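K.L.:
I am attaching a structure below and will ask some questions about it afterwards.
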Amino acid sequence: MTEPSSIVRRLLREIMFLFKSPAAFRILQKIRADKLTYLEMPALIDLYEAVAVAESQQIPGVLVEAGTALGGSAIAMAAAKRAERPLWVFDAFEIIPPPSERDGSDAHQRYALIQSGKAVGLKGAPYYGYQTNLMEQVAQNFTRFGYPPSTHRIHLIKGYYSDALRLDQPVALAHLDCDWYDSVMTCLERIVPYLAVGGRLIIDDYMHWSGCRRAVDDYFNGRTEGFEFVMKSRLHILRR
Ligand SMILES: C[S@@+](CC[C@H](N)C(=O)[O-])C[C@H]1O[C@@H](n2cnc3c(N)ncnc32)[C@H](O)[C@@H]1O
């Protein structure tokens with residue numbers, strides 16, 4: 001059960017953000033009302049604010065999201081960025097790949113349900129992974145919110161990370177929301193070497209999926225120097 005004190009903290013966070021950035025608050029509320037994200041409001045606010053900080057501190061580099069589903073969290077990133085800063089969005093844009101032996105039973109049970117065809121999406125909506133034109137839908141969702149990919153330097157890249165996730169430039173901020181050990185580990189291996197000084201990783205699933213946590217712990221084992229680990233509504237890792 002959620003602690004009353006944590007409910008109060010969440011509400012205060014939302015109220016403070018509403019007063020500070022009312023227009024952004026409405027965008028984030030609409031993302032959630034349209035059932036485009038699994039992130040709760042505090043996590044969406046933290047993500048939006050982290051991108052806004054990267055902009056105000058002029059951290060060099062592109063923005064990356066790995067794990068997009070219907071596009072909700074990526075739209076929050078687009079809302080906070082300058083139109084000129086590229087946002088690279090990587091996803092299978094189809095059913096998620098299977099977990100491996102490095103994931104726990106939580107991931108294997110979830111994947112068995114997805115594979116059975118019986119997974120249900122947000123608030124009873126159809127599960128996004130079963131949709132055949134997911135990438136087009138996500139592009140339309142960006143456009144509907146006022147961020148057409150073609151004019152806002154938003155690049156949607158379809159494929160598994162092992163094939164599709166390749167970078168060759170600095171990264172100011174990366175939001176990793178891809179659940180399983182191998183997916184998270186591939187993202188860390190391919191993104192962290194490019195993370196700019198002052199840049200940030202946000203790990204969505206550190207507290208949610210056993211494989212994600214294990215991948216982050218394995219990757220940073222013995223190489224935490226130069227990084228600061230901050231637990232907000234999600235785990236933020238800052239490059240110093
Ligand atoms: C929980 S969803 C992302 C949710 C989204 N960020 C939101 O706002 O709700 C996880 C996504 O990661 C993607 N994913 C996981 N592993 C992947 C991989 N190895 N390659 C490509 N996509 C992957 C899945 O296809 C899925 O769309």
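Residues in the structure tokens are numbered from 1 in each chain, the chains being A, B, ... in the order shown, and ligands are numbered from 1 in the order shown.
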May I have all residues of region 39-237 of chain A that DSSP, computed from the backbone, assigns to alpha helix (DSSP H), given as a VMD selection string?
P.N.:
chain A and resid 41 to 56 72 to 80 105 to 116 134 to 144 161 to 164 181 to 191 210 to 220
K.L.:
Residues contacting ligand 1 - anything with an atom at most 8 Å away, using only C-alpha atoms and all ligand atoms - can you give me those as a PyMOL selection string?
P.N.:
chain A and resi 36-39+65-74+90-97+128-129+158-162+164+176-180+182-184+186
K.L.:
Compare A:Tyr147, A:Ala79, A:Lys35, A:Met41 by their minimum atom-to-atom distance to Leu122 (chain A), counting only C-alpha atoms, and give me the closest one.
P.N.:
A:Lys35
K.L.:
So which residues touch region 13-26 of chain A within 10 Å, counting only C-alpha atoms, skipping near sequence neighbours fewer than 3 positions away, as a VMD selection string?
P.N.:
chain A and resid 7 to 10 29 to 32 41 to 42 44 to 46 48 to 49 76 79 to 80
K.L.:
Please list as a list of chain:residue names every residue within 12 Å of Val197 (chain A), counting only C-alpha atoms and excluding residues in the same chain fewer than 3 positions away.
P.N.:
A:Ala54, A:Gln57, A:Gln58, A:Ile59, A:Pro60, A:Gly61, A:Pro170, A:Val171, A:Ala172, A:Leu173, A:Val192, A:Pro193, A:Tyr194, A:Arg200, A:Leu201, A:Gly226, A:Phe227, A:Glu228, A:Ile237, A:Leu238, A:Arg239, A:Arg240
K.L.:
Determine which residues of region 65-222 of chain A DSSP labels as strand (DSSP E) from the backbone of this structure, then write them out as a PyMOL selection string.
P.N.:
chain A and resi 65-66+87-91+154-158+171-176+195-203
K.L.:
Can you pull out every residue within 6 Å of region 205-216 of chain A, counting only C-alpha atoms, but drop anything in the same chain fewer than 2 positions away, and send it as a list in words?
P.N.:
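What passes the distance filter is Asp103, Gly104, Asp179, Trp180, Tyr181, Val184, Met185, Ile203, Asp218 and Tyr219 of chain A.
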K.L.:
Write a file of the just-selected residues containing all heavy atoms, as a compact mmCIF listing (two decimals), in the first residue's frame.
P.N.:
```txt
# COMPACT_ATOMS: atom_id res chain seq x y z
N ASP A 103 17.27 -12.40 -16.59
CA ASP A 103 16.09 -11.77 -15.99
C ASP A 103 15.46 -12.71 -14.99
O ASP A 103 15.63 -13.93 -15.08
CB ASP A 103 15.06 -11.43 -17.08
CG ASP A 103 15.55 -10.32 -17.98
OD1 ASP A 103 15.50 -9.15 -17.56
OD2 ASP A 103 16.00 -10.61 -19.12
N GLY A 104 14.68 -12.14 -14.07
CA GLY A 104 14.01 -12.95 -13.06
C GLY A 104 12.65 -13.44 -13.54
O GLY A 104 12.23 -13.17 -14.68
N ASP A 179 13.02 -2.36 -19.82
CA ASP A 179 12.57 -3.50 -19.01
C ASP A 179 13.60 -4.63 -18.73
O ASP A 179 13.81 -4.96 -17.58
CB ASP A 179 11.32 -4.17 -19.60
CG ASP A 179 10.17 -3.18 -19.83
OD1 ASP A 179 10.31 -2.00 -19.47
OD2 ASP A 179 9.13 -3.59 -20.37
N TRP A 180 14.15 -5.25 -19.77
CA TRP A 180 14.90 -6.51 -19.56
C TRP A 180 16.41 -6.28 -19.47
O TRP A 180 16.94 -5.29 -19.98
CB TRP A 180 14.66 -7.51 -20.67
CG TRP A 180 13.28 -7.82 -21.15
CD1 TRP A 180 12.97 -8.22 -22.42
CD2 TRP A 180 12.03 -7.84 -20.43
NE1 TRP A 180 11.62 -8.49 -22.52
CE2 TRP A 180 11.02 -8.25 -21.32
CE3 TRP A 180 11.66 -7.55 -19.11
CZ2 TRP A 180 9.68 -8.38 -20.96
CZ3 TRP A 180 10.32 -7.66 -18.74
CH2 TRP A 180 9.37 -8.07 -19.66
N TYR A 181 17.10 -7.28 -18.91
CA TYR A 181 18.55 -7.20 -18.71
C TYR A 181 19.30 -6.90 -20.02
O TYR A 181 20.05 -5.93 -20.10
CB TYR A 181 19.07 -8.53 -18.13
CG TYR A 181 20.56 -8.50 -17.82
CD1 TYR A 181 21.00 -8.30 -16.51
CD2 TYR A 181 21.52 -8.66 -18.82
CE1 TYR A 181 22.36 -8.27 -16.20
CE2 TYR A 181 22.88 -8.61 -18.52
CZ TYR A 181 23.29 -8.42 -17.22
OH TYR A 181 24.64 -8.38 -16.94
N VAL A 184 18.66 -3.38 -21.48
CA VAL A 184 19.25 -2.29 -20.69
C VAL A 184 20.78 -2.32 -20.82
O VAL A 184 21.42 -1.28 -21.01
CB VAL A 184 18.81 -2.39 -19.21
CG1 VAL A 184 19.53 -1.37 -18.35
CG2 VAL A 184 17.30 -2.20 -19.10
N MET A 185 21.35 -3.54 -20.78
CA MET A 185 22.81 -3.63 -20.87
C MET A 185 23.31 -3.12 -22.23
O MET A 185 24.29 -2.36 -22.30
CB MET A 185 23.25 -5.09 -20.66
CG MET A 185 24.75 -5.28 -20.66
SD MET A 185 25.61 -4.26 -19.43
CE MET A 185 25.68 -5.36 -18.02
N ILE A 203 17.00 5.89 -15.55
CA ILE A 203 16.70 4.45 -15.68
C ILE A 203 15.29 4.23 -15.12
O ILE A 203 15.07 4.25 -13.90
CB ILE A 203 17.71 3.60 -14.87
CG1 ILE A 203 19.16 4.03 -15.15
CG2 ILE A 203 17.47 2.11 -15.14
CD1 ILE A 203 19.70 3.68 -16.49
N ASP A 218 25.45 -4.45 -12.71
CA ASP A 218 26.60 -5.11 -13.38
C ASP A 218 27.42 -4.10 -14.16
O ASP A 218 28.65 -4.10 -14.11
CB ASP A 218 26.11 -6.20 -14.36
CG ASP A 218 25.67 -7.47 -13.63
OD1 ASP A 218 25.82 -7.54 -12.40
OD2 ASP A 218 25.17 -8.39 -14.32
N TYR A 219 26.73 -3.25 -14.91
CA TYR A 219 27.46 -2.31 -15.77
C TYR A 219 28.33 -1.36 -14.94
O TYR A 219 29.48 -1.09 -15.29
CB TYR A 219 26.49 -1.51 -16.66
CG TYR A 219 27.23 -0.57 -17.57
CD1 TYR A 219 27.73 -1.01 -18.80
CD2 TYR A 219 27.50 0.75 -17.20
CE1 TYR A 219 28.46 -0.18 -19.62
CE2 TYR A 219 28.23 1.60 -18.02
CZ TYR A 219 28.71 1.12 -19.24
OH TYR A 219 29.44 1.96 -20.04
```
K.L.:
So which one's closest to Ser233 (chain A), A:Glu136, A:Glu40, A:Asp217, A:Glu101? Using only C-alpha atoms, please.
P.N.:
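Looking only at the distances to Ser233 (chain A), the closest residue turns out to be A:Glu40.
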